[in-house]
Each structure stands twice: as C-alpha cells, then as structure tokens.
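Enquirer: Input target-v4.txt, format and content: compact mmCIF, C-alpha atoms.
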```
# COMPACT_ATOMS: atom_id res chain seq x y z
CA MET A 1 -10.70 -165.10 23.17
CA VAL A 2 -10.53 -165.67 26.90
CA LEU A 3 -7.07 -167.16 26.50
CA ILE A 4 -5.85 -164.20 24.46
CA ALA A 5 -7.28 -161.81 27.03
CA ALA A 6 -5.54 -163.74 29.79
CA ILE A 7 -2.20 -163.68 27.97
CA GLY A 8 -2.58 -160.08 26.94
CA PRO A 9 -1.58 -158.49 23.65
CA GLY A 10 2.09 -159.42 24.03
CA PRO A 11 4.95 -157.57 22.35
CA LYS A 12 4.19 -155.71 19.14
CA SER A 13 4.79 -158.04 16.21
CA ASN A 14 6.31 -157.19 12.86
CA ALA A 15 4.10 -159.83 11.26
CA MET A 16 1.54 -158.36 8.85
CA PRO A 17 -2.00 -158.67 10.16
CA ASP A 18 -4.46 -160.52 7.96
CA PHE A 19 -5.68 -158.78 4.83
CA THR A 20 -9.14 -157.30 5.25
CA LEU A 21 -11.29 -156.38 2.26
CA ASP A 22 -13.01 -153.01 2.40
CA PRO A 23 -16.73 -153.61 3.10
CA ARG A 24 -17.83 -151.47 0.15
CA LEU A 25 -15.62 -153.38 -2.29
CA GLU A 26 -16.94 -156.61 -0.80
CA ALA A 27 -20.56 -155.47 -1.24
CA ASP A 28 -20.08 -154.30 -4.84
CA THR A 29 -18.18 -157.34 -6.16
CA VAL A 30 -17.99 -161.14 -6.15
CA PHE A 31 -14.87 -163.23 -5.82
CA VAL A 32 -13.25 -164.52 -9.02
CA LYS A 33 -9.76 -165.79 -8.25
CA THR A 34 -6.71 -165.30 -6.08
CA GLY A 35 -3.64 -164.08 -7.96
CA PRO A 36 -0.05 -163.89 -6.76
CA VAL A 37 -0.50 -160.36 -5.43
CA SER A 38 -4.19 -159.53 -5.67
CA ASP A 39 -7.65 -160.91 -5.24
CA PHE A 40 -9.58 -160.67 -8.51
CA ARG A 41 -13.22 -159.71 -8.04
CA LEU A 42 -16.03 -158.97 -10.52
CA MET A 43 -18.08 -155.78 -10.21
CA ASN A 44 -21.79 -156.53 -9.93
CA ASP A 45 -22.75 -154.21 -12.78
CA ALA A 46 -23.99 -156.05 -15.85
CA ARG A 47 -23.47 -152.99 -18.06
CA PHE A 48 -19.66 -153.42 -18.03
CA PRO A 49 -17.47 -156.54 -17.76
CA TRP A 50 -15.41 -155.09 -14.93
CA LEU A 51 -12.76 -156.69 -12.73
CA VAL A 52 -11.35 -155.16 -9.59
CA LEU A 53 -7.88 -156.28 -8.43
CA ILE A 54 -7.23 -155.77 -4.73
CA PRO A 55 -3.60 -156.29 -3.70
CA ARG A 56 -3.50 -158.17 -0.42
CA ALA A 57 -0.70 -155.95 0.93
CA THR A 58 -1.93 -154.79 4.29
CA GLN A 59 -2.89 -151.14 4.59
CA ALA A 60 -2.18 -150.41 0.93
CA PHE A 61 -3.76 -147.12 -0.10
CA SER A 62 -1.37 -146.36 -2.94
CA VAL A 63 0.55 -148.53 -5.40
CA ASP A 64 3.80 -147.60 -3.68
CA ASP A 65 2.46 -149.27 -0.52
CA VAL A 66 2.76 -152.58 -2.43
CA PRO A 67 6.25 -153.99 -1.84
CA ALA A 68 8.48 -153.12 -4.81
CA ALA A 69 9.18 -156.81 -5.43
CA GLN A 70 5.45 -157.42 -5.97
CA ARG A 71 4.71 -154.48 -8.23
CA ALA A 72 5.96 -156.20 -11.39
CA SER A 73 3.56 -159.06 -10.64
CA LEU A 74 0.76 -156.57 -10.10
CA MET A 75 1.37 -155.18 -13.59
CA GLU A 76 1.20 -158.72 -15.00
CA GLU A 77 -2.07 -159.26 -13.13
CA ILE A 78 -3.47 -156.16 -14.85
CA VAL A 79 -2.38 -157.58 -18.22
CA CYS A 80 -3.87 -161.00 -17.41
CA ALA A 81 -7.13 -159.48 -16.21
CA GLY A 82 -7.47 -157.54 -19.44
CA ASN A 83 -6.68 -160.55 -21.58
CA ALA A 84 -9.20 -162.71 -19.70
CA LEU A 85 -11.89 -160.08 -20.24
CA LYS A 86 -10.99 -159.91 -23.94
CA ASP A 87 -11.15 -163.71 -24.22
CA VAL A 88 -14.51 -164.04 -22.49
CA THR A 89 -16.29 -160.99 -23.92
CA GLY A 90 -14.63 -160.44 -27.29
CA ALA A 91 -13.74 -156.88 -26.24
CA ARG A 92 -10.85 -155.26 -28.05
CA LYS A 93 -10.42 -152.34 -25.66
CA ILE A 94 -9.51 -152.39 -21.96
CA ASN A 95 -9.52 -149.47 -19.52
CA TRP A 96 -7.53 -149.83 -16.31
CA ALA A 97 -7.20 -147.42 -13.45
CA SER A 98 -6.45 -146.85 -9.80
CA LEU A 99 -8.64 -144.04 -8.46
CA GLY A 100 -9.72 -144.71 -4.89
CA ASN A 101 -11.31 -141.31 -4.39
CA HIS A 102 -14.27 -142.98 -2.64
CA VAL A 103 -12.82 -146.25 -1.30
CA PRO A 104 -9.30 -145.66 0.03
CA GLN A 105 -8.13 -149.31 -0.02
CA LEU A 106 -5.90 -149.78 -3.08
CA HIS A 107 -7.84 -151.41 -5.90
CA ILE A 108 -7.29 -151.44 -9.65
CA HIS A 109 -10.19 -151.39 -12.08
CA VAL A 110 -9.82 -153.41 -15.30
CA ILE A 111 -12.81 -152.91 -17.57
CA ALA A 112 -13.75 -154.25 -20.99
CA ARG A 113 -15.06 -151.45 -23.16
CA PHE A 114 -17.24 -151.51 -26.27
CA ASN A 115 -18.14 -148.65 -28.57
CA ASP A 116 -21.80 -149.33 -27.88
CA ASP A 117 -21.57 -149.55 -24.09
CA PRO A 118 -23.59 -147.03 -22.04
CA ALA A 119 -20.58 -144.85 -21.20
CA TRP A 120 -18.50 -144.96 -24.38
CA PRO A 121 -16.21 -143.09 -25.03
CA LYS A 122 -16.30 -141.66 -21.50
CA PRO A 123 -14.88 -143.51 -18.50
CA VAL A 124 -17.43 -145.73 -16.76
CA TRP A 125 -17.26 -144.26 -13.26
CA GLY A 126 -20.31 -142.34 -12.15
CA VAL A 127 -22.21 -142.93 -15.38
CA GLY A 128 -25.91 -143.81 -14.98
CA GLN A 129 -27.15 -146.38 -12.51
CA VAL A 130 -25.58 -149.70 -11.61
CA GLU A 131 -27.46 -152.69 -13.09
CA PRO A 132 -26.83 -155.77 -10.96
CA TYR A 133 -26.62 -159.08 -12.82
CA PRO A 134 -29.81 -161.17 -12.82
CA ALA A 135 -30.00 -163.46 -9.79
CA GLY A 136 -27.58 -166.37 -10.10
CA SER A 137 -25.88 -165.26 -13.30
CA ILE A 138 -22.89 -163.38 -11.90
CA GLU A 139 -21.37 -166.54 -10.40
CA ALA A 140 -21.35 -168.27 -13.80
CA PHE A 141 -19.76 -165.23 -15.44
CA ALA A 142 -17.17 -164.98 -12.67
CA GLN A 143 -16.34 -168.64 -13.23
CA ARG A 144 -15.83 -168.11 -16.97
CA ILE A 145 -13.40 -165.30 -16.20
CA ALA A 146 -11.62 -167.40 -13.57
CA ASP A 147 -11.20 -170.16 -16.16
CA ALA A 148 -9.70 -167.66 -18.63
CA LEU A 149 -7.13 -166.42 -16.11
CA PRO A 150 -3.76 -168.19 -15.92
CA MET B 1 16.99 -140.71 -49.58
CA VAL B 2 18.16 -141.11 -53.16
CA LEU B 3 20.57 -143.82 -52.08
CA ILE B 4 17.78 -145.70 -50.29
CA ALA B 5 15.57 -145.39 -53.31
CA ALA B 6 18.37 -146.69 -55.49
CA ILE B 7 18.98 -149.66 -53.22
CA GLY B 8 15.30 -150.32 -52.74
CA PRO B 9 13.54 -151.32 -49.55
CA GLY B 10 15.61 -154.47 -49.13
CA PRO B 11 14.55 -157.40 -47.01
CA LYS B 12 11.95 -156.71 -44.33
CA SER B 13 13.74 -155.70 -41.15
CA ASN B 14 12.91 -156.70 -37.60
CA ALA B 15 14.17 -153.31 -36.40
CA MET B 16 11.44 -151.19 -34.82
CA PRO B 17 10.68 -148.01 -36.73
CA ASP B 18 11.08 -144.76 -34.84
CA PHE B 19 8.56 -143.93 -32.15
CA THR B 20 6.03 -141.32 -33.23
CA LEU B 21 3.97 -139.37 -30.71
CA ASP B 22 0.27 -139.04 -31.46
CA PRO B 23 -0.38 -135.47 -32.66
CA ARG B 24 -3.21 -134.95 -30.15
CA LEU B 25 -1.03 -136.01 -27.21
CA GLU B 26 1.70 -133.75 -28.55
CA ALA B 27 -0.69 -130.79 -28.78
CA ASP B 28 -2.16 -131.30 -25.28
CA THR B 29 1.11 -131.78 -23.38
CA VAL B 30 4.68 -130.53 -22.97
CA PHE B 31 7.78 -132.67 -22.62
CA VAL B 32 9.04 -133.34 -19.07
CA LYS B 33 11.58 -136.17 -19.17
CA THR B 34 12.54 -139.38 -20.90
CA GLY B 35 12.24 -142.48 -18.70
CA PRO B 36 13.54 -145.97 -19.37
CA VAL B 37 10.31 -147.02 -21.11
CA SER B 38 8.19 -143.90 -21.53
CA ASP B 39 8.31 -140.23 -22.33
CA PHE B 40 6.88 -138.21 -19.43
CA ARG B 41 4.78 -135.26 -20.55
CA LEU B 42 2.72 -132.69 -18.62
CA MET B 43 -0.90 -132.03 -19.56
CA ASN B 44 -1.51 -128.37 -20.33
CA ASP B 45 -4.42 -128.04 -17.90
CA ALA B 46 -3.62 -125.90 -14.88
CA ARG B 47 -6.59 -127.31 -12.94
CA PHE B 48 -4.84 -130.65 -12.35
CA PRO B 49 -1.14 -131.55 -11.96
CA TRP B 50 -1.30 -134.26 -14.59
CA LEU B 51 1.44 -136.31 -16.18
CA VAL B 52 1.02 -138.54 -19.22
CA LEU B 53 3.46 -141.42 -19.70
CA ILE B 54 3.79 -142.59 -23.29
CA PRO B 55 5.71 -145.86 -23.71
CA ARG B 56 7.97 -145.59 -26.72
CA ALA B 57 7.16 -149.12 -27.83
CA THR B 58 6.14 -148.80 -31.44
CA GLN B 59 2.48 -149.29 -32.28
CA ALA B 60 1.49 -149.85 -28.64
CA PHE B 61 -2.24 -149.52 -28.21
CA SER B 62 -2.52 -151.70 -25.12
CA VAL B 63 -0.21 -152.41 -22.20
CA ASP B 64 0.36 -155.92 -23.50
CA ASP B 65 1.89 -154.40 -26.62
CA VAL B 66 4.76 -153.24 -24.37
CA PRO B 67 7.40 -155.99 -24.28
CA ALA B 68 6.96 -158.04 -21.10
CA ALA B 69 10.51 -157.26 -20.02
CA GLN B 70 9.66 -153.53 -19.98
CA ARG B 71 6.34 -153.72 -18.16
CA ALA B 72 7.89 -153.89 -14.68
CA SER B 73 9.79 -150.70 -15.50
CA LEU B 74 6.58 -149.11 -16.73
CA MET B 75 4.97 -149.84 -13.34
CA GLU B 76 7.95 -148.21 -11.62
CA GLU B 77 7.58 -145.20 -13.90
CA ILE B 78 3.96 -144.87 -12.73
CA VAL B 79 5.13 -144.99 -9.10
CA CYS B 80 7.89 -142.43 -9.77
CA ALA B 81 5.50 -140.12 -11.61
CA GLY B 82 3.09 -140.21 -8.68
CA ASN B 83 5.84 -139.58 -6.15
CA ALA B 84 7.21 -136.66 -8.16
CA LEU B 85 3.75 -135.09 -8.30
CA LYS B 86 3.36 -135.59 -4.55
CA ASP B 87 6.76 -134.01 -3.91
CA VAL B 88 6.12 -130.97 -6.09
CA THR B 89 2.47 -130.31 -5.26
CA GLY B 90 2.02 -131.70 -1.75
CA ALA B 91 -0.78 -133.96 -3.03
CA ARG B 92 -1.51 -137.06 -0.97
CA LYS B 93 -3.69 -138.79 -3.57
CA ILE B 94 -2.76 -139.98 -7.07
CA ASN B 95 -5.07 -141.31 -9.74
CA TRP B 96 -3.52 -143.34 -12.58
CA ALA B 97 -5.20 -144.86 -15.58
CA SER B 98 -4.93 -146.13 -19.10
CA LEU B 99 -8.09 -145.32 -21.05
CA GLY B 100 -7.33 -144.42 -24.66
CA ASN B 101 -10.94 -144.29 -25.74
CA HIS B 102 -10.20 -141.11 -27.71
CA VAL B 103 -6.47 -141.38 -28.49
CA PRO B 104 -5.54 -144.97 -29.32
CA GLN B 105 -1.77 -144.67 -28.73
CA LEU B 106 -1.02 -146.23 -25.33
CA HIS B 107 -0.62 -143.54 -22.68
CA ILE B 108 -0.97 -143.66 -18.91
CA HIS B 109 -2.42 -140.76 -16.97
CA VAL B 110 -0.90 -140.00 -13.55
CA ILE B 111 -2.78 -137.20 -11.81
CA ALA B 112 -2.40 -135.48 -8.44
CA ARG B 113 -5.78 -135.09 -6.80
CA PHE B 114 -6.98 -132.76 -4.08
CA ASN B 115 -10.28 -132.77 -2.26
CA ASP B 116 -10.86 -129.19 -3.41
CA ASP B 117 -10.01 -129.72 -7.07
CA PRO B 118 -12.73 -129.01 -9.67
CA ALA B 119 -13.55 -132.69 -10.25
CA TRP B 120 -13.17 -134.23 -6.79
CA PRO B 121 -14.18 -136.97 -6.01
CA LYS B 122 -14.99 -137.80 -9.64
CA PRO B 123 -12.34 -138.73 -12.18
CA VAL B 124 -10.93 -135.73 -14.06
CA TRP B 125 -11.68 -136.80 -17.62
CA GLY B 126 -14.39 -134.82 -19.37
CA VAL B 127 -15.01 -132.50 -16.41
CA GLY B 128 -15.45 -128.82 -17.29
CA GLN B 129 -13.15 -126.95 -19.62
CA VAL B 130 -9.41 -127.26 -19.93
CA GLU B 131 -7.56 -124.25 -18.46
CA PRO B 132 -4.17 -123.90 -20.14
CA TYR B 133 -1.31 -122.66 -17.95
CA PRO B 134 -0.52 -118.94 -18.20
CA ALA B 135 1.99 -118.22 -20.97
CA GLY B 136 5.49 -119.33 -20.02
CA SER B 137 4.59 -120.99 -16.72
CA ILE B 138 4.14 -124.58 -17.84
CA GLU B 139 7.80 -124.95 -18.75
CA ALA B 140 8.89 -123.98 -15.23
CA PHE B 141 6.39 -126.41 -13.69
CA ALA B 142 7.53 -129.19 -16.04
CA GLN B 143 11.12 -128.51 -14.99
CA ARG B 144 10.22 -128.80 -11.28
CA ILE B 145 8.62 -132.16 -11.98
CA ALA B 146 11.59 -133.29 -14.07
CA ASP B 147 13.90 -132.37 -11.18
CA ALA B 148 11.75 -134.44 -8.78
CA LEU B 149 11.93 -137.52 -11.01
CA PRO B 150 14.79 -139.97 -10.46
```
Reformat the file's structure so that it appears as structure tokens.
Expert:
Amino acid sequence: MVLIAAIGPGPKSNAMPDFTLDPRLEADTVFVKTGPVSDFRLMNDARFPWLVLIPRATQAFSVDDVPAAQRASLMEEIVCAGNALKDVTGARKINWASLGNHVPQLHIHVIARFNDDPAWPKPVWGVGQVEPYPAGSIEAFAQRIADALP
Amino acid sequence: MVLIAAIGPGPKSNAMPDFTLDPRLEADTVFVKTGPVSDFRLMNDARFPWLVLIPRATQAFSVDDVPAAQRASLMEEIVCAGNALKDVTGARKINWASLGNHVPQLHIHVIARFNDDPAWPKPVWGVGQVEPYPAGSIEAFAQRIADALP
C-alpha cells in the first residue's frame, strides 16, 4: 500500500480490473462452481432450487457487455445449469431470465420449477417471503449441484 | 394428398416436420422478422415494448431442445432484439427470459423496461391488464423494430 502510494497510480492500464461481486448478490447466494464465463451461485431460498450465473466480465450490466466470443459459452452455461437442476431435483421445467431491475450487475437466474411450488405458474420474483435453508444444509445442496455440473 | 395416401406413409423420415406456432403466441403477437433461428414477434401490449423470439426448432419446449449448433445464434438473437428495442424506444434496460409456465412452446421474452413503466421494478408478467395497441399502430411499430434488426 505504501509502495503503491509512493509509485503513484501510473499510466492508465487496459488490463481489466478484478471482478467484484455485487454485495447484494453475495449476501443472497452461496458459491457453487466457477464456469468458463460465470460464477455459479445458489440462491438462499429453500422454496425454489435457484441458481444465479454471474459473468465475470468486468462492469457487465447487460448481456452485450459480455464479449461476443464468450456469449455462446454463457448460453451453454445456462443450459448446463438447467440440466444440473433437473438432475438433482427431478424438475422437468426450468425458468431462466436476466432482469437486474434491482441489482444492476449482470446476473442470470436459472430456476427449477414445479407445479406445486409456491409461485407456480407465476414467475418466482417478488412472491412471498424468502425462506433461507436450514443452517448447514445449503452447502450440501450446493455441492450436489456442483457435482452435477460438467 | 391422394397420391400420398396411395403411396402410404413410407419409412419414418428423419426430416423435421414444419414448424407450427402455438395458437396463443400467435394470438398475442404480430410478426416482426425471421431470424436465423427464431421468428421475432411483437407482443400486442402497448404498455411494454416486448418482443418474443420463437425458435423454429420443432417440438422445442426447453432451450436444450434447440440444436447445440444453433444456441449461440439464439443468444445473438437475444442481444440483437434488445439492441433493436433500445434503438427504437430509447430504453436503457432490457429484461429477457424464458418461462413457458403457461405456453409450453419455447419462447424467449425480450422486453424494454423504463423506470416509469407500469410494472417497474417488478417483472412484467401478470401485472395489470394487457393494453392492445390502437388499431393499425402495431404494424408500424413492428416495422420500425424490423428495420432496427440486422
């Protein structure tokens, strides 16, 4: 820190700064796995098996902020996330979406849906109250999903 | 028809049957443009500039029913749809999603959002009552979007 201060900021670099996860996404989710483009995280809401994919592209607010060469991989991550949720939960239906009306950092929801879940057939956002997983159980569930991912 | 009947169904073909649009999607939208993978259609709800992309893959209920080789193009169609809506409406925010909890045929919503629209910051689905465009005006709006698409 002292050294950096002594050297000064130096010339502006084209290097991307490190990826920083939005604090609200960090608070609402636990880490599952690192994919080629995105971090996979699990929403801490036991009502819905719900992954959130956060592309590590710096300052991505919209999918077109992800480099074009990575967007095909992002689509495959969405497919893989849905298939892992199907494998682990037995779900037959997946919802996926990029909204970001509250949290601007680009993130893609991938959610297993059941016709007896508390929101069906509506979308899950804003329905009822979040029910955090019982203490200690979310890590085991996150691990099962990680194991089901390629 | 008579000839086919005379010949009989013959051996089972690997050819895909023609794509058929779900009648509910057809009733709720108007045609905008044909993309490489999907038909682009405009939702007849004047409250939200809202495209629906329907991949022409036969019997696609889920994104993994779209052939893998076409999924990268589908992602680019989502990006192009969002950019066209931004160009035409001045929106800075796009929501995109695949839900299909009501209509099983795979379709992807791409919606321009504004912080003074009737649903903001909630998702648009199920909010209030649909407001069809005034007679004759949806075709002109669809044409402006078609012109903004690549």
Enquirer: Is it possible to see chain B as a CSV table (one decimal) with C-alpha atoms, in the frame of the given file, once it has been laid onto chain A by a least-squares fit on every C-alpha atom in order?
Expert:
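Contents of selection11.csv, as written:
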```
chain,number,residue,atom,x,y,z
B,1,MET,CA,-9.3,-165.7,23.1
B,2,VAL,CA,-9.1,-166.2,26.8
B,3,LEU,CA,-5.6,-167.5,26.5
B,4,ILE,CA,-4.5,-164.5,24.5
B,5,ALA,CA,-6.1,-162.2,27.1
B,6,ALA,CA,-4.3,-164.1,29.8
B,7,ILE,CA,-1.0,-163.8,28.1
B,8,GLY,CA,-1.5,-160.2,27.1
B,9,PRO,CA,-0.7,-158.6,23.8
B,10,GLY,CA,3.0,-159.4,24.1
B,11,PRO,CA,5.7,-157.5,22.2
B,12,LYS,CA,4.7,-155.7,19.1
B,13,SER,CA,4.9,-158.1,16.1
B,14,ASN,CA,6.2,-157.3,12.6
B,15,ALA,CA,3.7,-159.9,11.3
B,16,MET,CA,1.1,-158.3,9.0
B,17,PRO,CA,-2.5,-158.6,10.3
B,18,ASP,CA,-5.0,-160.4,8.2
B,19,PHE,CA,-6.2,-158.6,5.0
B,20,THR,CA,-9.6,-157.2,5.3
B,21,LEU,CA,-11.7,-156.3,2.3
B,22,ASP,CA,-13.4,-152.9,2.3
B,23,PRO,CA,-17.1,-153.5,3.0
B,24,ARG,CA,-18.2,-151.3,0.0
B,25,LEU,CA,-15.9,-153.3,-2.4
B,26,GLU,CA,-17.3,-156.5,-0.9
B,27,ALA,CA,-20.9,-155.3,-1.5
B,28,ASP,CA,-20.3,-154.2,-5.1
B,29,THR,CA,-18.4,-157.2,-6.3
B,30,VAL,CA,-18.2,-161.0,-6.3
B,31,PHE,CA,-15.1,-163.1,-5.8
B,32,VAL,CA,-13.5,-164.5,-9.0
B,33,LYS,CA,-10.0,-165.7,-8.1
B,34,THR,CA,-7.0,-165.3,-5.9
B,35,GLY,CA,-3.9,-164.1,-7.7
B,36,PRO,CA,-0.3,-163.9,-6.4
B,37,VAL,CA,-0.8,-160.4,-5.1
B,38,SER,CA,-4.5,-159.5,-5.5
B,39,ASP,CA,-7.9,-160.9,-5.1
B,40,PHE,CA,-9.8,-160.6,-8.4
B,41,ARG,CA,-13.4,-159.7,-8.0
B,42,LEU,CA,-16.2,-158.9,-10.6
B,43,MET,CA,-18.2,-155.7,-10.4
B,44,ASN,CA,-21.9,-156.4,-10.2
B,45,ASP,CA,-22.8,-154.1,-13.1
B,46,ALA,CA,-24.0,-156.0,-16.1
B,47,ARG,CA,-23.4,-152.9,-18.4
B,48,PHE,CA,-19.6,-153.4,-18.2
B,49,PRO,CA,-17.4,-156.5,-17.9
B,50,TRP,CA,-15.4,-155.1,-15.0
B,51,LEU,CA,-12.9,-156.7,-12.7
B,52,VAL,CA,-11.5,-155.1,-9.6
B,53,LEU,CA,-8.1,-156.3,-8.3
B,54,ILE,CA,-7.5,-155.7,-4.6
B,55,PRO,CA,-3.9,-156.2,-3.5
B,56,ARG,CA,-3.9,-158.1,-0.2
B,57,ALA,CA,-1.1,-155.9,1.2
B,58,THR,CA,-2.4,-154.7,4.5
B,59,GLN,CA,-3.4,-151.0,4.8
B,60,ALA,CA,-2.5,-150.3,1.1
B,61,PHE,CA,-4.1,-147.1,0.0
B,62,SER,CA,-1.6,-146.3,-2.8
B,63,VAL,CA,0.4,-148.5,-5.2
B,64,ASP,CA,3.6,-147.6,-3.4
B,65,ASP,CA,2.1,-149.2,-0.2
B,66,VAL,CA,2.5,-152.6,-2.1
B,67,PRO,CA,5.9,-154.0,-1.4
B,68,ALA,CA,8.2,-153.2,-4.3
B,69,ALA,CA,8.9,-156.9,-4.9
B,70,GLN,CA,5.2,-157.5,-5.5
B,71,ARG,CA,4.5,-154.6,-7.9
B,72,ALA,CA,5.8,-156.3,-11.0
B,73,SER,CA,3.4,-159.1,-10.2
B,74,LEU,CA,0.6,-156.6,-9.8
B,75,MET,CA,1.3,-155.3,-13.3
B,76,GLU,CA,1.2,-158.8,-14.7
B,77,GLU,CA,-2.1,-159.3,-12.9
B,78,ILE,CA,-3.5,-156.2,-14.6
B,79,VAL,CA,-2.3,-157.7,-18.0
B,80,CYS,CA,-3.9,-161.1,-17.2
B,81,ALA,CA,-7.1,-159.5,-16.1
B,82,GLY,CA,-7.4,-157.6,-19.3
B,83,ASN,CA,-6.6,-160.6,-21.4
B,84,ALA,CA,-9.1,-162.8,-19.6
B,85,LEU,CA,-11.8,-160.1,-20.2
B,86,LYS,CA,-10.8,-160.0,-23.9
B,87,ASP,CA,-11.0,-163.8,-24.1
B,88,VAL,CA,-14.4,-164.1,-22.5
B,89,THR,CA,-16.1,-161.1,-24.0
B,90,GLY,CA,-14.4,-160.5,-27.3
B,91,ALA,CA,-13.5,-157.0,-26.3
B,92,ARG,CA,-10.5,-155.4,-28.0
B,93,LYS,CA,-10.1,-152.4,-25.6
B,94,ILE,CA,-9.3,-152.5,-21.9
B,95,ASN,CA,-9.4,-149.5,-19.5
B,96,TRP,CA,-7.5,-149.9,-16.2
B,97,ALA,CA,-7.2,-147.5,-13.4
B,98,SER,CA,-6.5,-146.8,-9.8
B,99,LEU,CA,-8.7,-144.0,-8.5
B,100,GLY,CA,-9.9,-144.6,-4.9
B,101,ASN,CA,-11.5,-141.2,-4.5
B,102,HIS,CA,-14.5,-142.9,-2.8
B,103,VAL,CA,-13.1,-146.1,-1.4
B,104,PRO,CA,-9.6,-145.6,0.0
B,105,GLN,CA,-8.5,-149.2,0.0
B,106,LEU,CA,-6.2,-149.7,-3.0
B,107,HIS,CA,-8.0,-151.4,-5.8
B,108,ILE,CA,-7.4,-151.4,-9.6
B,109,HIS,CA,-10.2,-151.4,-12.1
B,110,VAL,CA,-9.8,-153.4,-15.3
B,111,ILE,CA,-12.7,-152.9,-17.6
B,112,ALA,CA,-13.6,-154.3,-21.1
B,113,ARG,CA,-14.8,-151.5,-23.3
B,114,PHE,CA,-16.9,-151.6,-26.4
B,115,ASN,CA,-17.7,-148.7,-28.8
B,116,ASP,CA,-21.4,-149.4,-28.2
B,117,ASP,CA,-21.3,-149.6,-24.4
B,118,PRO,CA,-23.4,-147.0,-22.4
B,119,ALA,CA,-20.4,-144.8,-21.5
B,120,TRP,CA,-18.2,-145.0,-24.6
B,121,PRO,CA,-15.9,-143.1,-25.2
B,122,LYS,CA,-16.0,-141.7,-21.7
B,123,PRO,CA,-14.7,-143.5,-18.7
B,124,VAL,CA,-17.3,-145.7,-17.0
B,125,TRP,CA,-17.2,-144.2,-13.5
B,126,GLY,CA,-20.3,-142.3,-12.5
B,127,VAL,CA,-22.1,-142.9,-15.7
B,128,GLY,CA,-25.8,-143.7,-15.4
B,129,GLN,CA,-27.1,-146.3,-13.0
B,130,VAL,CA,-25.6,-149.6,-12.0
B,131,GLU,CA,-27.5,-152.6,-13.5
B,132,PRO,CA,-26.9,-155.6,-11.3
B,133,TYR,CA,-26.7,-159.0,-13.2
B,134,PRO,CA,-29.9,-161.0,-13.2
B,135,ALA,CA,-30.2,-163.3,-10.2
B,136,GLY,CA,-27.8,-166.2,-10.4
B,137,SER,CA,-26.0,-165.2,-13.6
B,138,ILE,CA,-23.0,-163.3,-12.1
B,139,GLU,CA,-21.6,-166.4,-10.6
B,140,ALA,CA,-21.5,-168.2,-13.9
B,141,PHE,CA,-19.8,-165.2,-15.6
B,142,ALA,CA,-17.3,-164.9,-12.7
B,143,GLN,CA,-16.5,-168.6,-13.2
B,144,ARG,CA,-15.9,-168.1,-17.0
B,145,ILE,CA,-13.5,-165.3,-16.2
B,146,ALA,CA,-11.7,-167.4,-13.5
B,147,ASP,CA,-11.3,-170.2,-16.0
B,148,ALA,CA,-9.7,-167.7,-18.5
B,149,LEU,CA,-7.2,-166.5,-15.9
B,150,PRO,CA,-3.9,-168.3,-15.7
```
Enquirer: B:Phe19, B:Phe61, B:Phe114, B:Trp120: which is nearest Gly90 in chain B, counting all atoms listed in the file?
Expert: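 Among the listed residues, B:Phe114 lies closest to Gly90 in chain B.
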Enquirer: Give me, as a PyMOL selection string, the residues of chain A touching chain B, with the criterion being at most 8 Å (counting all atoms listed in the file).
Expert: chain A and resi 62-64+71-73+75-76+79+93-102+120-123+125-126
Enquirer: Can you work out which one of A:Ala46, A:Ala84, A:Val66, A:Thr89 has the shortest atom-to-atom distance to Leu106 in chain A, counting all atoms listed in the file?
Expert: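 Of A:Ala46, A:Ala84, A:Val66, A:Thr89, the one nearest Leu106 in chain A is A:Val66, counting all atoms listed in the file.
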Enquirer: I want to know what sits within 6 Å of range 31-44 of chain A, based on all atoms listed in the file, with residues of the same chain fewer than 2 positions away left out; could you give that as a ChimeraX atom specification?
Expert: /A:28-29,50-56,132,142,146
Enquirer: To one decimal place in Å, what is the distance between CA of Ala112 in chain B and CA of Leu85 in chain B?
Expert: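 These atoms are spaced 6.2 Å apart.
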Enquirer: At what distance in Å, to one decimal, does CA of Val88 in chain A lie from CA of Arg47 in chain A?
Expert: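 Answer for the CA of Arg47 in chain A to CA of Val88 in chain A separation: 14.9 Å.
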Enquirer: Could you work out an axis-aligned bounding box for all listed atoms of range 115-126 of chain A, with 6 Å added on each of the six sides, and give its centre and edge lengths in Å to one decimal, as JSON?
Expert:
```
{"center_x": -19.2, "center_y": -145.6, "center_z": -20.4, "size_x": 20.7, "size_y": 19.9, "size_z": 28.4}
```
Enquirer: Go through A:Pro49, A:Gln105, A:Ala27, A:Gln129 and flag the residue nearest Ala81 in chain A, using only C-alpha atoms for the distances.
Expert: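 Ranked by minimum distance to Ala81 in chain A, first place goes to A:Pro49.
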Enquirer: Please compute the CA of Glu26 in chain A-CA of Ala91 in chain B distance, one decimal, in Å.
Expert: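 Those two atoms sit 27.9 Å apart.
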